[in-house]
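Before any comments, here is the structure.
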Amino acid sequence: GITDLHRRMLMKDFQHRIKSIDDKFFEHRDWKTARNHLQINSVTCSVEALPDVQMVESKDQPDIVQKLEPLTITFASKMSTDSSGAWIEIASSESIAKSRLREDSKAELKFTWRDQGYGNRKGQLRIRLLNALTDEDMASSPEYGIAPHEEVQVAELFELGHGLVRHGTEGYRYVVEVLVGGGGGHELHIKDLEFKSSSCFVKMETGSEDGHIIS
């Protein structure tokens, strides 16, 4: 039979292969990445097609007393001069408290950005969906880049079939990450960023009067 060590080695290999497929899709600006269609069966160590998305019928769900609000990440302006050459987190949502997938579920991203305005261009940005407890990568947007010298606005719509939408569930969180560039002298300026999900909800801040009763 397959030992635990052998299974872990196979899983690592499968995850590497799926990431390689993702990277190829990203290079060709195709958002239908491998993780939107495939999953790894940890018992058989095989790659399988994802099941159909299960829609929520509100009449079958019990009422939830906790007031929730739609999940969003927003900020007016951020600037980074990180010179590590690695991806760093600059913003995050709260952990998802409730998710409800429907046929029109979607996530939207928009931001305006530029780099230092001269020299080599290296800046990149992405949105990732992580397991809030383990930080395991569950889904990702394309890696936007390279950031221009002059301000440019980016707008993206992710529909139900995309991993950022279909995999959003309780206990996960979304993060905004940037790669500024190694070697020093690089800057990344991001303005008016907004990421929002129509199917994910987070707990309201204490003292807030507005919100939704999710049933």
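Chain labels A, B, ... are given in the sequence in which chains occur in the structure tokens; within each chain residues are numbered consecutively from 1, and ligands are likewise numbered from 1 in the order shown.
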>> Taking 3 positions as the minimum chain separation for residues in the same chain, which residues sit within 8 Å of region 180-195 of chain A when counting only C-alpha atoms? Answer as number ranges by chain.
In response: A: 72-87, 107-116, 122-124, 147
>> Could you go through region 52-201 of chain A and tell me which residues DSSP, when run on the backbone, assigns to strand (DSSP E), listing them as a PyMOL selection string?
In response: chain A and resi 67-80+88-92+98-99+106-115+124-131+137-140+144-145+152-159+172-179+188-201
How would the residues just picked look written out with C-alpha atoms as a CSV table (one decimal), in the first residue's frame?
chain,number,residue,atom,x,y,z
A,67,LYS,CA,-25.6,40.0,11.5
A,68,LEU,CA,-23.2,39.8,8.6
A,69,GLU,CA,-21.9,42.2,5.9
A,70,PRO,CA,-20.6,41.5,2.4
A,71,LEU,CA,-16.9,40.7,2.2
A,72,THR,CA,-14.8,43.6,0.9
A,73,ILE,CA,-11.2,44.7,0.9
A,74,THR,CA,-10.8,48.5,0.3
A,75,PHE,CA,-8.1,51.1,0.7
A,76,ALA,CA,-7.5,54.6,-0.7
A,77,SER,CA,-3.7,54.4,-1.1
A,78,LYS,CA,-0.8,52.2,-0.3
A,79,MET,CA,2.9,52.5,-1.3
A,80,SER,CA,5.6,49.8,-0.9
A,88,ILE,CA,4.2,40.4,0.5
A,89,GLU,CA,0.7,40.8,2.0
A,90,ILE,CA,-0.5,44.4,2.0
A,91,ALA,CA,-4.2,43.9,2.8
A,92,SER,CA,-6.6,41.2,3.9
A,98,LYS,CA,-20.9,32.6,5.7
A,99,SER,CA,-20.9,31.9,2.0
A,106,LYS,CA,-19.2,36.9,-8.6
A,107,ALA,CA,-16.1,38.7,-7.3
A,108,GLU,CA,-14.9,42.0,-8.6
A,109,LEU,CA,-11.5,43.7,-8.4
A,110,LYS,CA,-10.5,47.2,-9.4
A,111,PHE,CA,-7.4,49.3,-8.6
A,112,THR,CA,-5.2,52.0,-10.1
A,113,TRP,CA,-1.4,51.6,-9.9
A,114,ARG,CA,2.0,52.6,-11.1
A,115,ASP,CA,5.7,52.0,-10.2
A,124,GLN,CA,3.1,42.8,-9.7
A,125,LEU,CA,-0.2,42.3,-7.7
A,126,ARG,CA,-2.5,39.4,-7.1
A,127,ILE,CA,-5.5,38.3,-4.9
A,128,ARG,CA,-5.3,35.0,-3.2
A,129,LEU,CA,-7.8,32.9,-1.3
A,130,LEU,CA,-6.3,31.2,1.8
A,131,ASN,CA,-7.3,28.9,4.5
A,137,ASP,CA,-3.4,28.4,-1.1
A,138,MET,CA,-7.0,27.7,-2.3
A,139,ALA,CA,-7.3,29.9,-5.4
A,140,SER,CA,-5.7,32.9,-7.0
A,144,TYR,CA,-1.1,41.4,-12.7
A,145,GLY,CA,1.9,43.1,-14.0
A,152,VAL,CA,-3.3,52.7,-15.2
A,153,GLN,CA,-6.7,51.4,-13.9
A,154,VAL,CA,-7.3,47.7,-13.7
A,155,ALA,CA,-10.8,46.1,-13.5
A,156,GLU,CA,-11.6,42.4,-13.4
A,157,LEU,CA,-14.7,40.3,-13.0
A,158,PHE,CA,-14.5,36.7,-11.7
A,159,GLU,CA,-17.6,34.7,-12.3
A,172,TYR,CA,-11.1,31.3,4.4
A,173,ARG,CA,-9.8,34.8,3.8
A,174,TYR,CA,-8.8,36.8,0.8
A,175,VAL,CA,-5.4,38.7,0.7
A,176,VAL,CA,-3.9,41.3,-1.5
A,177,GLU,CA,-0.2,40.6,-2.3
A,178,VAL,CA,2.4,42.6,-4.2
A,179,LEU,CA,5.8,41.9,-5.5
A,188,LEU,CA,4.7,50.3,-6.1
A,189,HIS,CA,1.9,52.8,-5.7
A,190,ILE,CA,-1.7,51.4,-5.5
A,191,LYS,CA,-4.8,53.6,-5.2
A,192,ASP,CA,-8.5,53.1,-4.8
A,193,LEU,CA,-8.3,49.3,-4.5
A,194,GLU,CA,-11.6,47.5,-4.0
A,195,PHE,CA,-12.2,43.7,-4.0
A,196,LYS,CA,-15.7,42.5,-3.2
A,197,SER,CA,-17.5,39.1,-3.2
A,198,SER,CA,-21.2,38.8,-3.8
A,199,SER,CA,-21.4,35.4,-2.1
A,200,CYS,CA,-19.1,35.8,0.9
A,201,PHE,CA,-20.0,37.5,4.2
>> Just list as a PyMOL selection string whatever in region 60-199 of chain A DSSP marks as helix (DSSP H, G or I).
In response: chain A and resi 60+163-166
Save out the residues we just selected, N, CA, C and O atoms, as a PDB file, in the first residue's frame.
ATOM      1  N   ASP A  60     -34.196  26.169   2.396  1.00  0.00           N
ATOM      2  CA  ASP A  60     -33.695  24.991   3.097  1.00  0.00           C
ATOM      3  C   ASP A  60     -32.703  25.342   4.203  1.00  0.00           C
ATOM      4  O   ASP A  60     -32.192  24.469   4.877  1.00  0.00           O
ATOM      5  N   GLY A 163     -12.059  29.973  -9.340  1.00  0.00           N
ATOM      6  CA  GLY A 163     -11.734  29.491  -8.002  1.00  0.00           C
ATOM      7  C   GLY A 163     -11.924  30.511  -6.903  1.00  0.00           C
ATOM      8  O   GLY A 163     -12.278  30.160  -5.775  1.00  0.00           O
ATOM      9  N   LEU A 164     -11.682  31.806  -7.190  1.00  0.00           N
ATOM     10  CA  LEU A 164     -11.874  32.837  -6.177  1.00  0.00           C
ATOM     11  C   LEU A 164     -13.324  32.935  -5.722  1.00  0.00           C
ATOM     12  O   LEU A 164     -13.603  33.401  -4.625  1.00  0.00           O
ATOM     13  N   VAL A 165     -14.255  32.498  -6.585  1.00  0.00           N
ATOM     14  CA  VAL A 165     -15.675  32.540  -6.238  1.00  0.00           C
ATOM     15  C   VAL A 165     -16.143  31.189  -5.702  1.00  0.00           C
ATOM     16  O   VAL A 165     -16.670  31.092  -4.599  1.00  0.00           O
ATOM     17  N   ARG A 166     -15.926  30.135  -6.481  1.00  0.00           N
ATOM     18  CA  ARG A 166     -16.491  28.830  -6.121  1.00  0.00           C
ATOM     19  C   ARG A 166     -15.858  28.240  -4.867  1.00  0.00           C
ATOM     20  O   ARG A 166     -16.474  27.437  -4.165  1.00  0.00           O
TER      21      ARG A 166
END
>> Rounded to one decimal, what separation in Å do you get between CA of Met204 (chain A) and CA of Ser95 (chain A)?
In response: 11.4 Å
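Rounded to one decimal, CA of Leu50 (chain A) and CA of Thr169 (chain A) lie 15.4 Å from each other.
From CA of Leu160 (chain A) back to CA of Ser105 (chain A), the distance works out to 5.4 Å.
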